[in-house]
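**Q** There's a structure below that I have some questions on.
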Amino acid sequence: MNDPAIRLELVAAPDDAVREAILAPLVAHNDAMVGPTARHPVAIVLRDAAGDIVGGLWGMTGFSWLFVQYLAVAPALKGQGHGRALMLAAEDEARRFACVGIWLDTFSFQARGFYEKLGYDVVGRIDDFPPGEARFFLRKRID
């Protein structure tokens with residue numbers, strides 16, 4: 001750090017404004033390198049009879065891919081096809097946004113086999129994340 005006017009600061013309570021400010025130069029660089037990309041949030045929910053959200057999928061499109069950040073189904077609803085239905089709906093949304101594929105990550109104690117049954121391939125792995133387990137990165141082309 002050669003510029004004395006620039007200082008490091010740990011933000012105790014970061015918010016969306018801080019996130020966006022940090023992200024801005026990265027987005028500008030990426031757009032300069034490969035052209036701008038449309039980013040669209042994707043949210044698909046499962047509701048019970050009372051209208052309460054009991055699971056769902058959260059993701060974001062960008063660079064012609066959908067990143068599935070979260071997929072969750074209430075424990076009492078697991079094994080009934082809801083997760084599969086959420087992923088198929090996400091594929092439909094990804095196609096609607098002209099995505100070529102979907103990518104996501106999962107832990108060894110979560111749902112790697114579930115995603116592989118849906119046609120996802122492991123493209124990366126980090127061992128001991130968390131210690132004694134592994135984190136997997138998967139993708140599926142849909143084009």
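We name chains A, B, ... following the order of the structure tokens; residues begin at 1 in each chain, and ligands are numbered from 1 as shown.
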Give me every helix (DSSP H, G or I) residue in segment 53-135 of chain A, going by DSSP on the backbone, as a list in words.
**A**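 Output for segment 53-135 of chain A, helix (DSSP H, G or I) only: Pro75, Ala76, Leu77, His82, Gly83, Arg84, Ala85, Leu86, Met87, Leu88, Ala89, Ala90, Glu91, Asp92, Glu93, Ala94, Arg95, Arg96, Arg112, Gly113, Phe114, Tyr115, Glu116 and Lys117 of chain A.
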**Q** Would you list the contacts of Asp127 of chain A as a ChimeraX atom specification, taking every protein, DNA or RNA residue within 10 Å and counting only C-alpha atoms, but skipping same-chain residues closer than 6 positions in sequence?
**A** /A:107-108,133-136
**Q** Quick one: contact table of segment 9-50 of chain A to segment 58-67 of chain A, 7 Å max, nearest atom pair and distance in Å to one decimal per residue, counting only C-alpha atoms, chain and number order, as JSON lines?
**A**
{"residue": "A:Thr37", "atom": "CA", "partner": "A:Phe63", "partner_atom": "CA", "distance": 5.5}
{"residue": "A:Ala38", "atom": "CA", "partner": "A:Gly62", "partner_atom": "CA", "distance": 5.9}
{"residue": "A:Arg39", "atom": "CA", "partner": "A:Gly62", "partner_atom": "CA", "distance": 4.8}
{"residue": "A:His40", "atom": "CA", "partner": "A:Thr61", "partner_atom": "CA", "distance": 5.1}
{"residue": "A:Pro41", "atom": "CA", "partner": "A:Met60", "partner_atom": "CA", "distance": 4.4}
{"residue": "A:Val42", "atom": "CA", "partner": "A:Gly59", "partner_atom": "CA", "distance": 4.9}
{"residue": "A:Ala43", "atom": "CA", "partner": "A:Trp58", "partner_atom": "CA", "distance": 4.7}
{"residue": "A:Ile44", "atom": "CA", "partner": "A:Trp58", "partner_atom": "CA", "distance": 6.7}
**Q** In chain A, what's strand (DSSP E) per DSSP? Answer as a PyMOL selection string?
**A** chain A and resi 40-47+53-62+65-73+101-107+121-127+134-141
**Q** Would you pick out the contacts of Leu88 of chain A at 12 Å or less, using only C-alpha atoms, so that residues sharing its chain but fewer than 6 positions from it are not included, and give the list as a ChimeraX atom specification?
**A** /A:44,57,81-82,94-95,102,115,118-119,140,142
